[in-house]
>>> print(open('target_5.csv').read())   # CSV, C-alpha atoms and all ligand atoms
chain,number,residue,atom,x,y,z
A,1,MET,CA,-11.5,31.4,-10.0
A,2,PHE,CA,-13.7,28.3,-9.5
A,3,GLU,CA,-15.4,27.7,-6.2
A,4,VAL,CA,-14.5,24.1,-6.6
A,5,PRO,CA,-11.3,23.6,-8.6
A,6,LEU,CA,-10.5,20.2,-10.3
A,7,PHE,CA,-7.5,19.6,-8.1
A,8,ASP,CA,-6.1,21.5,-5.2
A,9,VAL,CA,-2.8,21.1,-3.4
A,10,ARG,CA,-2.3,21.9,0.2
A,11,ILE,CA,1.3,21.8,1.6
A,12,GLY,CA,1.5,21.8,5.4
A,13,GLU,CA,3.8,24.1,7.4
A,14,GLU,CA,5.7,21.1,8.6
A,15,GLU,CA,6.3,20.1,5.0
A,16,VAL,CA,7.5,23.7,4.2
A,17,GLU,CA,9.8,23.4,7.2
A,18,ALA,CA,11.2,20.0,6.0
A,19,VAL,CA,12.0,21.6,2.6
A,20,ALA,CA,13.7,24.6,4.2
A,21,ASP,CA,15.8,22.1,6.3
A,22,ALA,CA,16.9,20.5,3.0
A,23,TYR,CA,18.0,23.9,1.8
A,24,ARG,CA,19.8,24.6,5.1
A,25,SER,CA,21.6,21.2,4.8
A,26,GLY,CA,23.8,22.6,2.0
A,27,TRP,CA,23.5,19.4,-0.1
A,28,LEU,CA,21.0,20.2,-2.8
A,29,SER,CA,21.1,17.5,-5.5
A,30,SER,CA,20.4,13.8,-5.0
A,31,GLY,CA,21.8,12.7,-1.6
A,32,PRO,CA,20.7,11.3,1.7
A,33,ALA,CA,17.1,12.7,1.5
A,34,THR,CA,16.8,11.0,-1.9
A,35,GLU,CA,18.1,7.7,-0.5
A,36,GLU,CA,15.6,8.0,2.4
A,37,LEU,CA,12.7,8.6,0.0
A,38,GLU,CA,13.7,5.6,-2.1
A,39,SER,CA,13.9,3.3,0.9
A,40,ARG,CA,10.5,4.5,2.3
A,41,PHE,CA,8.9,4.3,-1.1
A,42,ALA,CA,10.2,0.8,-1.6
A,43,ALA,CA,8.8,-0.2,1.8
A,44,TYR,CA,5.5,1.5,1.1
A,45,THR,CA,4.9,-0.2,-2.3
A,46,GLY,CA,6.7,-3.5,-1.4
A,47,ALA,CA,9.0,-3.1,-4.3
A,48,PRO,CA,12.5,-4.4,-3.6
A,49,HIS,CA,14.1,-1.4,-5.4
A,50,ALA,CA,13.0,2.2,-5.9
A,51,VAL,CA,14.9,4.9,-7.9
A,52,ALA,CA,13.8,8.5,-7.5
A,53,VAL,CA,13.9,10.7,-10.6
A,54,SER,CA,12.9,14.2,-11.8
A,55,SER,CA,9.5,13.4,-13.2
A,56,GLY,CA,7.0,10.6,-14.0
A,57,THR,CA,8.0,10.9,-17.7
A,58,ALA,CA,11.7,10.4,-16.8
A,59,ALA,CA,10.6,7.4,-14.7
A,60,LEU,CA,8.7,6.0,-17.7
A,61,HIS,CA,11.5,6.6,-20.1
A,62,LEU,CA,14.0,4.8,-17.8
A,63,ALA,CA,11.4,2.0,-17.2
A,64,MET,CA,11.2,1.4,-21.0
A,65,LEU,CA,15.0,1.4,-21.4
A,66,VAL,CA,15.7,-1.0,-18.5
A,67,ALA,CA,12.8,-3.3,-19.6
A,68,GLY,CA,14.8,-3.7,-22.8
A,69,VAL,CA,12.6,-1.5,-25.2
A,70,ALA,CA,14.9,-0.5,-28.0
A,71,GLU,CA,15.1,1.0,-31.5
A,72,GLY,CA,12.5,-0.3,-33.9
A,73,ASP,CA,10.4,-2.1,-31.2
A,74,ARG,CA,6.6,-1.8,-31.0
A,75,VAL,CA,5.1,-1.4,-27.5
A,76,ALA,CA,1.5,-2.4,-27.0
A,77,MET,CA,-0.3,0.2,-24.8
A,78,PRO,CA,-3.7,1.9,-24.3
A,79,SER,CA,-4.4,5.1,-26.2
A,80,MET,CA,-6.5,6.3,-23.2
A,81,SER,CA,-3.7,7.8,-21.3
A,82,PHE,CA,-1.6,10.9,-21.0
A,83,VAL,CA,0.8,11.3,-23.9
A,84,ALA,CA,3.8,10.7,-21.7
A,85,THR,CA,3.1,6.9,-21.8
A,86,ALA,CA,3.6,6.9,-25.6
A,87,ASN,CA,6.4,9.5,-25.6
A,88,ALA,CA,8.5,7.3,-23.3
A,89,ALA,CA,8.4,4.4,-25.8
A,90,THR,CA,9.2,6.9,-28.6
A,91,TYR,CA,12.2,8.3,-26.6
A,92,ALA,CA,13.5,4.7,-26.5
A,93,GLY,CA,13.3,4.5,-30.3
A,94,ALA,CA,10.2,2.3,-30.3
A,95,ARG,CA,6.7,3.0,-31.6
A,96,PRO,CA,3.5,2.5,-29.6
A,97,ARG,CA,0.8,0.2,-30.9
A,98,PHE,CA,-2.4,1.4,-29.3
A,99,ALA,CA,-4.8,-1.3,-28.1
A,100,GLU,CA,-8.4,-1.0,-27.1
A,101,ILE,CA,-9.7,-0.3,-23.6
A,102,ALA,CA,-12.0,-2.9,-21.8
A,103,GLY,CA,-15.2,-0.9,-22.1
A,104,VAL,CA,-16.7,2.5,-22.0
A,105,THR,CA,-17.1,2.2,-18.2
A,106,ARG,CA,-13.8,0.2,-18.0
A,107,PRO,CA,-11.3,2.7,-19.5
A,108,TRP,CA,-8.2,0.6,-19.0
A,109,LEU,CA,-6.3,-1.7,-21.3
A,110,SER,CA,-8.2,-4.8,-22.3
A,111,THR,CA,-6.1,-8.0,-21.9
A,112,GLU,CA,-7.7,-9.5,-25.0
A,113,ALA,CA,-6.7,-6.4,-27.1
A,114,ALA,CA,-3.2,-6.5,-25.6
A,115,ALA,CA,-2.9,-10.1,-26.6
A,116,GLU,CA,-3.9,-9.2,-30.2
A,117,ALA,CA,-1.4,-6.4,-30.2
A,118,LEU,CA,1.4,-8.8,-29.1
A,119,ASP,CA,0.3,-11.2,-31.9
A,120,LEU,CA,1.0,-8.3,-34.3
A,121,GLY,CA,4.6,-8.2,-33.3
A,122,CYS,CA,4.9,-6.1,-30.1
A,123,SER,CA,7.9,-7.0,-28.0
A,124,ALA,CA,6.7,-5.2,-24.8
A,125,LEU,CA,3.5,-4.3,-23.1
A,126,ALA,CA,2.7,-1.1,-21.2
A,127,THR,CA,-0.4,-0.6,-19.0
A,128,VAL,CA,-1.8,2.4,-17.1
A,129,SER,CA,-3.6,2.3,-13.8
A,130,TYR,CA,-6.1,4.9,-15.2
A,131,GLY,CA,-7.4,7.2,-12.5
A,132,GLY,CA,-5.9,4.9,-9.9
A,133,ARG,CA,-7.9,1.8,-11.0
A,134,MET,CA,-6.0,-1.5,-11.2
A,135,GLY,CA,-8.2,-2.6,-14.2
A,136,GLU,CA,-6.9,-5.8,-15.7
A,137,THR,CA,-3.3,-5.4,-14.4
A,138,ALA,CA,-3.1,-8.9,-12.9
A,139,ALA,CA,-4.3,-10.5,-16.1
A,140,LEU,CA,-1.9,-8.3,-18.2
A,141,ALA,CA,1.0,-9.4,-16.0
A,142,ASP,CA,0.1,-13.1,-16.6
A,143,LEU,CA,-0.2,-12.4,-20.3
A,144,ALA,CA,3.2,-10.7,-20.4
A,145,ALA,CA,4.8,-13.6,-18.5
A,146,ALA,CA,3.2,-16.2,-20.7
A,147,ARG,CA,4.5,-14.4,-23.8
A,148,GLY,CA,7.9,-13.7,-22.4
A,149,VAL,CA,7.6,-9.9,-22.9
A,150,PRO,CA,8.3,-7.2,-20.3
A,151,LEU,CA,5.4,-5.4,-18.7
A,152,ILE,CA,5.9,-1.7,-18.0
A,153,GLU,CA,3.4,-0.2,-15.6
A,154,ASP,CA,2.5,3.4,-15.8
A,155,ALA,CA,1.4,3.9,-12.2
A,156,ALA,CA,1.4,7.7,-12.4
A,157,HIS,CA,-2.1,7.8,-11.0
A,158,ALA,CA,-1.8,4.9,-8.6
A,159,GLY,CA,0.1,5.9,-5.5
A,160,GLY,CA,-1.7,3.8,-2.9
A,161,SER,CA,-3.6,1.5,-5.3
A,162,ARG,CA,-3.4,-2.2,-4.5
A,163,LEU,CA,-4.9,-5.4,-5.6
A,164,GLY,CA,-4.9,-7.6,-2.5
A,165,ASP,CA,-1.5,-6.9,-1.0
A,166,VAL,CA,0.2,-6.1,-4.3
A,167,HIS,CA,0.8,-2.4,-5.0
A,168,ALA,CA,0.3,-0.9,-8.4
A,169,GLY,CA,3.6,-0.7,-10.3
A,170,THR,CA,4.9,-4.0,-8.8
A,171,PHE,CA,3.0,-6.5,-11.0
A,172,GLY,CA,5.3,-6.1,-14.0
A,173,THR,CA,9.0,-5.9,-14.9
A,174,VAL,CA,9.2,-2.2,-13.9
A,175,GLY,CA,6.8,0.5,-12.7
A,176,ALA,CA,6.8,4.2,-13.0
A,177,PHE,CA,5.2,6.8,-10.6
A,178,SER,CA,4.7,10.5,-11.0
A,179,PHE,CA,4.9,13.1,-8.3
A,180,PHE,CA,3.6,15.9,-10.6
A,181,ALA,CA,1.7,18.6,-8.7
A,182,ASN,CA,-1.8,17.2,-9.3
A,183,LYS,CA,-0.9,13.6,-8.4
A,184,ASN,CA,-1.9,12.0,-5.1
A,185,LEU,CA,1.7,12.3,-4.0
A,186,GLY,CA,2.2,15.7,-5.6
A,187,ILE,CA,5.4,17.7,-5.0
A,188,GLY,CA,5.6,19.8,-8.1
A,189,GLU,CA,7.8,17.6,-10.3
A,190,GLY,CA,9.3,14.2,-9.5
A,191,GLY,CA,8.9,10.5,-10.1
A,192,MET,CA,10.0,7.0,-9.1
A,193,VAL,CA,11.0,3.8,-10.9
A,194,VAL,CA,10.3,0.6,-9.0
A,195,THR,CA,11.4,-3.0,-9.8
A,196,ALA,CA,12.1,-6.3,-8.2
A,197,ASP,CA,15.2,-6.8,-10.3
A,198,ALA,CA,18.4,-5.4,-8.8
A,199,ALA,CA,20.3,-5.3,-12.1
A,200,LEU,CA,17.4,-3.2,-13.7
A,201,ALA,CA,17.4,-0.9,-10.7
A,202,ASP,CA,21.2,-0.4,-10.9
A,203,ARG,CA,20.9,0.4,-14.6
A,204,ALA,CA,18.1,2.9,-13.9
A,205,ARG,CA,20.3,4.6,-11.2
A,206,SER,CA,23.1,4.9,-13.7
A,207,LEU,CA,21.0,6.1,-16.5
A,208,ARG,CA,19.4,8.8,-14.3
A,209,THR,CA,22.8,10.4,-13.9
A,210,HIS,CA,24.5,10.5,-17.3
A,211,GLY,CA,25.3,6.7,-17.3
A,212,MET,CA,27.8,7.2,-14.5
A,213,THR,CA,28.7,4.3,-12.3
A,214,THR,CA,28.8,6.3,-9.1
A,215,THR,CA,27.0,9.4,-7.8
A,216,SER,CA,28.5,12.7,-6.5
A,217,TRP,CA,27.0,11.9,-3.1
A,218,GLU,CA,28.9,8.6,-3.0
A,219,ARG,CA,32.1,10.3,-4.0
A,220,HIS,CA,31.6,13.1,-1.5
A,221,ARG,CA,31.1,10.5,1.3
A,222,GLN,CA,34.3,8.9,-0.1
A,223,ARG,CA,32.5,5.7,-0.6
A,224,VAL,CA,34.1,5.7,-4.0
A,225,SER,CA,36.5,8.0,-5.8
A,226,ALA,CA,35.9,7.8,-9.5
A,227,TYR,CA,33.3,6.8,-12.1
A,228,GLU,CA,33.0,5.2,-15.5
A,229,ILE,CA,30.5,5.9,-18.2
A,230,GLY,CA,29.3,2.7,-19.8
A,231,GLU,CA,26.4,4.0,-21.8
A,232,LEU,CA,24.5,7.1,-22.8
A,233,GLY,CA,22.5,8.4,-19.8
A,234,PHE,CA,20.5,11.5,-18.8
A,235,ASN,CA,20.2,14.0,-16.1
A,236,TYR,CA,17.0,12.7,-14.5
A,237,ARG,CA,18.0,13.4,-10.9
A,238,ILE,CA,15.6,14.7,-8.3
A,239,ASP,CA,16.9,17.3,-5.8
A,240,GLU,CA,17.0,17.0,-2.0
A,241,PRO,CA,14.2,19.6,-1.2
A,242,ARG,CA,11.7,17.8,-3.4
A,243,ALA,CA,12.8,14.4,-2.1
A,244,ARG,CA,12.2,15.7,1.5
A,245,LEU,CA,8.8,16.9,0.5
A,246,ALA,CA,7.9,13.6,-1.1
A,247,THR,CA,9.0,11.7,2.0
A,248,MET,CA,6.7,13.9,4.1
A,249,ARG,CA,3.8,13.6,1.7
A,250,LEU,CA,4.2,9.8,1.5
A,251,GLN,CA,3.4,9.6,5.2
A,252,LYS,CA,0.0,11.3,4.5
A,253,LEU,CA,-0.8,9.4,1.4
A,254,ASP,CA,-3.1,6.7,2.9
A,255,GLU,CA,-5.0,9.2,4.9
A,256,GLU,CA,-5.4,11.6,2.0
A,257,ASN,CA,-6.5,8.7,-0.3
A,258,GLN,CA,-9.1,7.8,2.4
A,259,ALA,CA,-10.4,11.4,2.3
A,260,ARG,CA,-10.6,11.1,-1.5
A,261,ALA,CA,-12.5,7.8,-1.1
A,262,ARG,CA,-15.1,9.4,1.1
A,263,ILE,CA,-15.8,12.1,-1.5
A,264,ALA,CA,-15.8,9.6,-4.3
A,265,SER,CA,-18.3,7.5,-2.4
A,266,GLU,CA,-20.6,10.5,-1.9
A,267,TYR,CA,-20.4,11.3,-5.6
A,268,ALA,CA,-21.2,7.7,-6.5
A,269,SER,CA,-24.3,7.4,-4.3
A,270,ALA,CA,-25.6,10.8,-5.4
A,271,LEU,CA,-25.0,10.2,-9.1
A,272,GLN,CA,-25.3,6.5,-9.8
A,273,ASP,CA,-29.0,6.6,-10.8
A,274,LEU,CA,-28.9,9.9,-12.6
A,275,GLU,CA,-30.1,9.7,-16.1
A,276,GLY,CA,-27.6,10.7,-18.8
A,277,ILE,CA,-24.6,9.7,-16.7
A,278,GLU,CA,-22.7,6.5,-16.2
A,279,LEU,CA,-20.1,5.8,-13.6
A,280,LEU,CA,-17.1,3.5,-14.0
A,281,GLU,CA,-17.6,-0.1,-13.1
A,282,PRO,CA,-17.0,-0.5,-9.3
A,283,PRO,CA,-13.7,-2.0,-8.3
A,284,ALA,CA,-13.2,-5.7,-7.4
A,285,ALA,CA,-13.6,-6.6,-3.7
A,286,ASP,CA,-9.8,-6.9,-3.2
A,287,GLU,CA,-9.0,-3.6,-5.0
A,288,ARG,CA,-8.0,-0.6,-3.1
A,289,GLN,CA,-7.7,2.4,-5.4
A,290,SER,CA,-6.0,5.8,-5.0
A,291,HIS,CA,-9.1,7.7,-6.3
A,292,HIS,CA,-6.9,9.9,-8.4
A,293,LEU,CA,-9.8,10.8,-10.7
A,294,PHE,CA,-13.6,10.7,-10.4
A,295,VAL,CA,-15.0,10.5,-13.9
A,296,VAL,CA,-18.5,10.4,-15.2
A,297,VAL,CA,-19.4,9.1,-18.7
A,298,LEU,CA,-22.1,11.2,-20.5
A,299,ALA,CA,-24.7,9.6,-22.7
A,300,ALA,CA,-23.6,8.9,-26.3
A,301,GLY,CA,-24.1,12.0,-28.4
A,302,ALA,CA,-24.4,14.3,-25.4
A,303,ASN,CA,-23.1,17.9,-25.6
A,304,ARG,CA,-20.0,17.6,-23.4
A,305,ASP,CA,-19.0,21.2,-23.9
A,306,GLY,CA,-22.5,22.3,-22.8
A,307,PHE,CA,-22.3,20.0,-19.8
A,308,ARG,CA,-18.9,21.4,-18.7
A,309,ARG,CA,-20.0,25.0,-19.3
A,310,ALA,CA,-23.1,24.5,-17.1
A,311,LEU,CA,-20.8,23.2,-14.3
A,312,ALA,CA,-18.4,26.0,-14.8
A,313,GLU,CA,-21.3,28.5,-14.5
A,314,ARG,CA,-22.0,27.0,-11.1
A,315,GLY,CA,-18.4,27.4,-10.1
A,316,VAL,CA,-17.3,23.8,-10.7
A,317,GLU,CA,-14.1,23.2,-12.7
A,318,THR,CA,-14.0,19.9,-14.7
A,319,GLY,CA,-11.4,18.2,-16.8
A,320,VAL,CA,-11.1,15.6,-19.6
A,321,HIS,CA,-8.8,12.6,-19.0
A,322,TYR,CA,-8.0,12.2,-21.8
A,323,ARG,CA,-8.1,13.0,-25.5
A,324,ALA,CA,-7.0,9.6,-27.0
A,325,ILE,CA,-3.3,9.7,-27.8
A,326,HIS,CA,-3.8,8.4,-31.4
A,327,ASP,CA,-6.0,11.5,-32.0
A,328,PHE,CA,-3.0,13.8,-31.7
A,329,GLU,CA,-1.2,14.7,-34.9
A,330,LEU,CA,2.1,13.2,-33.6
A,331,TYR,CA,0.5,9.7,-33.1
A,332,GLU,CA,-2.1,9.8,-35.9
A,333,ASP,CA,-2.6,6.4,-37.6
A,334,SER,CA,-5.3,6.3,-40.3
A,335,GLU,CA,-5.3,2.4,-40.2
A,336,LEU,CA,-6.1,2.3,-36.5
A,337,GLU,CA,-9.6,1.7,-35.3
A,338,LEU,CA,-10.3,2.0,-31.6
A,339,PRO,CA,-14.1,2.7,-31.4
A,340,VAL,CA,-14.5,2.1,-27.6
A,341,THR,CA,-11.5,4.4,-26.8
A,342,GLU,CA,-12.8,7.1,-29.2
A,343,ASP,CA,-16.3,6.8,-27.7
A,344,TYR,CA,-15.0,7.1,-24.2
A,345,ALA,CA,-12.7,10.0,-25.1
A,346,VAL,CA,-15.6,12.2,-26.2
A,347,ARG,CA,-18.0,11.2,-23.4
A,348,THR,CA,-15.7,11.4,-20.3
A,349,VAL,CA,-15.7,14.3,-17.8
A,350,SER,CA,-13.6,14.4,-14.6
A,351,LEU,CA,-15.1,16.0,-11.5
A,352,PRO,CA,-13.2,17.8,-8.8
A,353,LEU,CA,-11.4,15.6,-6.3
A,354,PHE,CA,-8.9,16.4,-3.7
A,355,PRO,CA,-8.5,15.3,-0.1
A,356,HIS,CA,-9.4,18.5,1.7
A,357,MET,CA,-12.5,19.2,-0.3
A,358,GLU,CA,-15.1,20.6,2.0
A,359,GLN,CA,-18.7,19.2,2.4
A,360,TRP,CA,-20.3,22.3,0.8
A,361,GLN,CA,-17.9,21.9,-2.2
A,362,CYS,CA,-18.9,18.2,-2.6
A,363,GLU,CA,-22.6,19.1,-2.4
A,364,LEU,CA,-22.1,22.0,-4.9
A,365,VAL,CA,-20.6,19.6,-7.4
A,366,ILE,CA,-23.4,17.0,-7.0
A,367,GLU,CA,-26.1,19.7,-7.3
A,368,ALA,CA,-24.4,21.1,-10.4
A,369,VAL,CA,-24.1,17.7,-12.1
A,370,HIS,CA,-27.8,17.1,-11.3
A,371,GLY,CA,-28.7,20.5,-12.9
A,372,ALA,CA,-26.5,20.0,-15.9
A,373,ALA,CA,-27.2,16.3,-16.6
A,374,GLY,CA,-30.4,17.2,-18.5
A,375,THR,CA,-28.6,19.9,-20.5
A,376,GLY,CA,-25.7,17.8,-21.6
A,401,LIG,C1,-0.8,8.5,-17.0
A,401,LIG,C2,0.4,9.4,-16.8
A,401,LIG,N1,1.6,9.0,-17.2
A,401,LIG,C3,2.7,9.8,-17.1
A,401,LIG,C4,2.6,11.1,-16.6
A,401,LIG,C5,3.8,11.9,-16.6
A,401,LIG,O1,4.2,12.3,-15.4
A,401,LIG,P1,5.0,13.7,-15.2
A,401,LIG,O2,4.1,14.8,-15.4
A,401,LIG,O3,5.4,13.6,-13.7
A,401,LIG,O4,6.2,13.6,-16.1
A,401,LIG,C6,1.3,11.6,-16.2
A,401,LIG,C7,1.1,12.9,-15.7
A,401,LIG,O5,1.6,13.9,-15.8
A,401,LIG,C8,0.2,10.7,-16.3
A,401,LIG,O6,-1.0,11.2,-16.0
>>> encode(input="target_5.csv", output="structure tokens")
Amino acid sequence: MFEVPLFDVRIGEEEVEAVADAYRSGWLSSGPATEELESRFAAYTGAPHAVAVSSGTAALHLAMLVAGVAEGDRVAMPSMSFVATANAATYAGARPRFAEIAGVTRPWLSTEAAAEALDLGCSALATVSYGGRMGETAALADLAAARGVPLIEDAAHAGGSRLGDVHAGTFGTVGAFSFFANKNLGIGEGGMVVTADAALADRARSLRTHGMTTTSWERHRQRVSAYEIGELGFNYRIDEPRARLATMRLQKLDEENQARARIASEYASALQDLEGIELLEPPAADERQSHHLFVVVLAAGANRDGFRRALAERGVETGVHYRAIHDFELYEDSELELPVTEDYAVRTVSLPLFPHMEQWQCELVIEAVHGAAGTG
């Protein structure tokens, strides 16, 4: 066991009680608690419509489908993401076209590279708020609008991230959030689709439950008595206990993100001048970020395994977010050259970050990084 784990989840007794209440209610699959979560999440993000689903990956898959991504399409996206971003396009019958990140201290999709990918025949654009950073999202939304292609936002890391008053996931055609255990709004498994378009939201609702035109909760409440199946759908429903937990955790999200911000700020001031380490470019003045990840970028040619081992020996767990997607066998492409992404992928290290991290843990991480920076 590490003295400082990479992520840590703490569920309060009141949250456990809310989940128990959901079990006591006797209605377990999507129902009133799911509807409540959707309306609260929509209010929180400012998205007119929110559709709760079983995972972030399910949210991304539905996002691709309702945005119109179809068989044979190419979707421009960063390779610096979790593989689910690419898989979602693949599930829809499309193929990702990976585009370069903005820089080694700006590991989010470059608008210029995205424009080039669109020139090469992509019919949709997907972006990722990497680590909770908004990156070039606003410019990418402008690009997508100018080219008349849908923008799908993978906002899995970005619960609470905003640019001005606009929440991550609401810049494009459709956004997808993850409630996976290690996410800022972590509940185990779960996700959310958000969109301003009522027709797209309706389609996502139907696709999440086998393509049915009504839900069993609606039939139970006798709002309707039958259903039609118009197209092939999935079982991507969330259940009531997890919806209750998500609703409870949503109420704490801003406070927890502020706690993350305080730790990130301590890390930044203690590490910004350290030789052998670079930090990501600071956010724009109007960017509020979720601080899902705190990454450091080691010097070119540094021994990352050695650096991580040195931290582990001091009790500090680290992570790598991410191996580039095009480096995996499934997405290998010998023609593709993404030197900045590849450079970042071998130099990045994620430090522990979670809201209830204690001061001694934060200091231990800083001390360990100082000790290891020379060895890396
Ligand atoms: C960037 C990104 N996209 C998508 C996902 C998929 O979310 P989930 O695990 O909830 O399916 C994750 C995390 O797991 C992620 O980090």
>>> residues_around(input="target_5.csv", residues="Gly164 of chain A", least_positions_apart="6", cutoff="10 Å", atoms="only C-alpha atoms", output="list in words")
Ala284, Ala285, Asp286, Glu287 and Arg288 of chain A
>>> closest_residue(input="target_5.csv", among="A:Val365, A:Gly301, A:Leu151, A:Val75", to="Gly121 of chain A", atoms="all atoms listed in the file")
A:Val75
>>> residues_near_ligand(input="target_5.csv", ligand="ligand LIG 401 (chain A)", cutoff="6 Å", atoms="all atoms listed in the file", output="list in words")
Ser55, Gly56, Thr57, Ser81, Phe82, Ala84, Thr85, Asp154, Ala156, Ser178, Phe179, Phe180, Glu189, Gly190 and Gly191 of chain A
>>> residues_around(input="target_5.csv", residues="Ser54 of chain A", least_positions_apart="6", cutoff="12 Å", atoms="only C-alpha atoms", output="compact mmCIF listing (two decimals) with C-alpha atoms, in the coordinates of the input")
# COMPACT_ATOMS: atom_id res chain seq x y z
CA SER A 29 21.10 17.50 -5.50
CA SER A 30 20.40 13.80 -5.00
CA THR A 34 16.80 11.00 -1.90
CA LEU A 60 8.70 6.00 -17.70
CA HIS A 61 11.50 6.60 -20.10
CA LEU A 62 14.00 4.80 -17.80
CA ALA A 176 6.80 4.20 -13.00
CA PHE A 177 5.20 6.80 -10.60
CA SER A 178 4.70 10.50 -11.00
CA PHE A 179 4.90 13.10 -8.30
CA PHE A 180 3.60 15.90 -10.60
CA ILE A 187 5.40 17.70 -5.00
CA GLY A 188 5.60 19.80 -8.10
CA GLU A 189 7.80 17.60 -10.30
CA GLY A 190 9.30 14.20 -9.50
CA GLY A 191 8.90 10.50 -10.10
CA MET A 192 10.00 7.00 -9.10
CA VAL A 193 11.00 3.80 -10.90
CA ARG A 208 19.40 8.80 -14.30
CA THR A 209 22.80 10.40 -13.90
CA PHE A 234 20.50 11.50 -18.80
CA ASN A 235 20.20 14.00 -16.10
CA TYR A 236 17.00 12.70 -14.50
CA ARG A 237 18.00 13.40 -10.90
CA ILE A 238 15.60 14.70 -8.30
CA ASP A 239 16.90 17.30 -5.80
CA GLU A 240 17.00 17.00 -2.00
CA PRO A 241 14.20 19.60 -1.20
CA ARG A 242 11.70 17.80 -3.40
CA ALA A 243 12.80 14.40 -2.10
CA ALA A 246 7.90 13.60 -1.10
>>> closest_residue(input="target_5.csv", among="A:Val316, A:Ala302, A:Leu28, A:Leu351", to="Ala268 of chain A", atoms="only C-alpha atoms")
A:Leu351
>>> closest_residue(input="target_5.csv", among="A:Ala261, A:His291, A:Arg223, A:Ala52", to="Ser206 of chain A", atoms="only C-alpha atoms")
A:Ala52
>>> closest_residue(input="target_5.csv", among="A:Leu140, A:Val4, A:Ala145, A:Ala158", to="Asp254 of chain A", atoms="all atoms listed in the file")
A:Ala158
>>> closest_residue(input="target_5.csv", among="A:Leu293, A:Leu330, A:Ile229, A:Leu353", to="Asn87 of chain A", atoms="all atoms listed in the file")
A:Leu330
>>> residues_around(input="target_5.csv", residues="Tyr344 of chain A", least_positions_apart="2", cutoff="10 Å", atoms="only C-alpha atoms", output="PDB file with C-alpha atoms, keeping the file's coordinate frame")
ATOM      1  CA  MET A  80      -6.500   6.300 -23.200  1.00  0.00           C
ATOM      2  CA  ILE A 101      -9.700  -0.300 -23.600  1.00  0.00           C
ATOM      3  CA  GLY A 103     -15.200  -0.900 -22.100  1.00  0.00           C
ATOM      4  CA  VAL A 104     -16.700   2.500 -22.000  1.00  0.00           C
ATOM      5  CA  THR A 105     -17.100   2.200 -18.200  1.00  0.00           C
ATOM      6  CA  ARG A 106     -13.800   0.200 -18.000  1.00  0.00           C
ATOM      7  CA  PRO A 107     -11.300   2.700 -19.500  1.00  0.00           C
ATOM      8  CA  VAL A 297     -19.400   9.100 -18.700  1.00  0.00           C
ATOM      9  CA  LEU A 298     -22.100  11.200 -20.500  1.00  0.00           C
ATOM     10  CA  ALA A 300     -23.600   8.900 -26.300  1.00  0.00           C
ATOM     11  CA  HIS A 321      -8.800  12.600 -19.000  1.00  0.00           C
ATOM     12  CA  TYR A 322      -8.000  12.200 -21.800  1.00  0.00           C
ATOM     13  CA  ARG A 323      -8.100  13.000 -25.500  1.00  0.00           C
ATOM     14  CA  ALA A 324      -7.000   9.600 -27.000  1.00  0.00           C
ATOM     15  CA  PRO A 339     -14.100   2.700 -31.400  1.00  0.00           C
ATOM     16  CA  VAL A 340     -14.500   2.100 -27.600  1.00  0.00           C
ATOM     17  CA  THR A 341     -11.500   4.400 -26.800  1.00  0.00           C
ATOM     18  CA  GLU A 342     -12.800   7.100 -29.200  1.00  0.00           C
ATOM     19  CA  VAL A 346     -15.600  12.200 -26.200  1.00  0.00           C
ATOM     20  CA  ARG A 347     -18.000  11.200 -23.400  1.00  0.00           C
ATOM     21  CA  THR A 348     -15.700  11.400 -20.300  1.00  0.00           C
ATOM     22  CA  VAL A 349     -15.700  14.300 -17.800  1.00  0.00           C
TER      23      VAL A 349
END
>>> residues_around(input="target_5.csv", residues="Leu279 of chain A", least_positions_apart="2", cutoff="7 Å", atoms="all atoms listed in the file", output="count of residues only")
7
>>> atom_distance(input="target_5.csv", atom1="atom CA of His49 of chain A", atom2="atom CA of Ala201 of chain A")
6.3 Å
>>> closest_residue(input="target_5.csv", among="A:Val320, A:Pro283, A:Glu255, A:Ser269", to="Ile366 of chain A", atoms="only C-alpha atoms")
A:Ser269
>>> atom_distance(input="target_5.csv", atom1="atom CA of Gly319 of chain A", atom2="atom CA of Leu245 of chain A")
26.6 Å
>>> atom_distance(input="target_5.csv", atom1="atom CA of Gly26 of chain A", atom2="atom CA of Ser216 of chain A")
13.9 Å
>>> residues_around(input="target_5.csv", residues="Glu335 of chain A", least_positions_apart="5", cutoff="12 Å", atoms="only C-alpha atoms", output="list of chain:residue names")
A:Arg97, A:Phe98, A:His326
>>> residues_near_point(input="target_5.csv", point="(-18.0, 8.5, -1.2)", cutoff="12 Å", atoms="all atoms listed in the file", output="number ranges by chain")
A: 257-272, 291, 294, 353, 355, 359, 362-363, 366
>>> decode(input="target_5.csv", residues="segment 185-197 of chain A", atoms="C-alpha atoms", output="PDB file, in the first residue's frame")
ATOM      1  CA  LEU A 185     -17.743  12.853  -9.618  1.00  0.00           C
ATOM      2  CA  GLY A 186     -16.944   9.191  -9.058  1.00  0.00           C
ATOM      3  CA  ILE A 187     -19.654   6.695  -8.187  1.00  0.00           C
ATOM      4  CA  GLY A 188     -18.167   3.425  -9.484  1.00  0.00           C
ATOM      5  CA  GLU A 189     -19.620   3.266 -12.981  1.00  0.00           C
ATOM      6  CA  GLY A 190     -21.856   5.802 -14.704  1.00  0.00           C
ATOM      7  CA  GLY A 191     -21.923   8.618 -17.224  1.00  0.00           C
ATOM      8  CA  MET A 192     -23.978  11.427 -18.742  1.00  0.00           C
ATOM      9  CA  VAL A 193     -24.748  12.716 -22.221  1.00  0.00           C
ATOM     10  CA  VAL A 194     -25.487  16.448 -22.474  1.00  0.00           C
ATOM     11  CA  THR A 195     -26.789  18.431 -25.423  1.00  0.00           C
ATOM     12  CA  ALA A 196     -28.725  21.571 -26.282  1.00  0.00           C
ATOM     13  CA  ASP A 197     -30.664  19.737 -28.987  1.00  0.00           C
TER      14      ASP A 197
END
